[in-house]
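**Student:** Quick one: the structure is below, and I'll ask about it shortly.
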Amino acid sequence: MDTFRELFRHVRADLTDHSRRIGSWFDAIVAPAIFVGSNAVAGPRTAATVALSAAGALVVWRLARRRPIRYAAAGVGGTVLAAAYAAYTNQGEAYFIPAVVTGAVYSVVFLISVAAGRPAVALISQLTRGWPALWYRQKEVRPAYSETTVVWAVFFGSRAFLQWRAVADDQIWLAAAIRIGGGWPAIIALIIATQLYGSWRLRRLGGPSVSEWVERVPPPWEGQRVGF
């Protein structure tokens, strides 16, 4: 029981850390929600302009409050691409095509990283935690990161497929719901699942912890108890 409490405590700390990096869910839903509502009233070209204006206003609002703008600014970048495509084609569904393409690309890249023996989840973990790159390549460690990377690839691919089906069926409200619901709510849940499963899998694999590997402790190892 104490082990699980400690694990959940570290997961909560990781989520707090992630929240600082990924920004607010609010930032992610503003543009698509406004686009869908405006499109129903005034058409895709006007909706594209309104959505882009809203995303830009969000950046200005954050600047005025002296808050970080990198996530809002990134949202503007995505909105520019989506809005431009929707305005060009004059079709509301086109707003969601860039997100479909991006999700499909993520899925393929994650699968390729597993096939290449450099799972993307391990790379992300290394960048955020600063653990040695060679530790992730141990045969008693890498499977945990490969398996979770495949899960993320399936997530991105499934989200892209469902959104594409909604777009193909001209169900713009459904496409927006998938984009919003499949955004940070789903990603946060997947982060939790990744942390829990990954930590459990590392213990099952019986490999060395990061500190044991760095200090060249011979087996049997205690293993990585917290963190993934």
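Chain labels run A, B, ... following the order of the structure tokens; each chain numbers its residues from 1, and ligands are numbered from 1 in the order shown.
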Taking the DSSP secondary structure from the backbone, can you list the residues of range 11-227 of chain A that are helix (DSSP H, G or I), as a ChimeraX atom specification?

**Tutor:** /A:11-22,25-42,44-64,70-89,92-115,120-129,133-137,142-168,172-181,184-205,210-214

**Student:** Report, in Å with one decimal, the straight-line distance from CA of Leu52 in chain A to CA of Ala99 in chain A.

**Tutor:**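 Separation between CA of Leu52 in chain A and CA of Ala99 in chain A: 15.6 Å.
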
**Student:** Excluding same-chain residues fewer than 2 positions from range 217-222 of chain A, what lies within 12 Å of it counting only C-alpha atoms, as number ranges by chain?

**Tutor:** A: 140, 202-215, 224-226

**Student:** Could you jot down the CA of Val105 in chain A to CA of Thr149 in chain A separation for me, Å, one decimal place?

**Tutor:**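 So the answer is 14.0 Å.
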
**Student:** Need to verify the contact set: Phe155 in chain A, 10 Å, only C-alpha atoms, exclusion of same-chain residues closer than 6 positions in sequence. Can you return it as a PyMOL selection string?

**Tutor:** chain A and resi 103-104+106-107+149+161+182+186-187+190

**Student:** Would you mind telling me which residue in A:Ser113, A:Ser199, A:Thr102, A:Thr79 lies nearest to Ser146 in chain A when using only C-alpha atoms?

**Tutor:**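 Answer, going by the shortest atom-to-atom distance: A:Ser113.
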
**Student:** Tell me which of A:Val50, A:Leu162, A:Leu123, A:Val141 sits closest to Ile97 in chain A, counting only C-alpha atoms.

**Tutor:**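 Closest to Ile97 in chain A, using only C-alpha atoms: A:Leu162.
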
**Student:** Can you tell me, as JSON, numbers by chain, what residues are no more than 8 Å from Phe35 in chain A when counting only C-alpha atoms, ignoring any on the same chain fewer than 3 positions away?

**Tutor:** {"A": [31, 32, 38, 39, 44, 47, 48, 50, 51]}

**Student:** I'd like the contact shell of Gln126 in chain A - 12 Å cut-off, only C-alpha atoms, skipping same-chain residues fewer than 2 positions apart - returned as a PyMOL selection string.

**Tutor:** chain A and resi 118-124+128-137+145+210+227-228

**Student:** Neighbours of Asn90 in chain A within 10 Å (only C-alpha atoms; same-chain residues fewer than 5 positions away dropped), as number ranges by chain?

**Tutor:** A: 43-46, 48, 83-85, 95
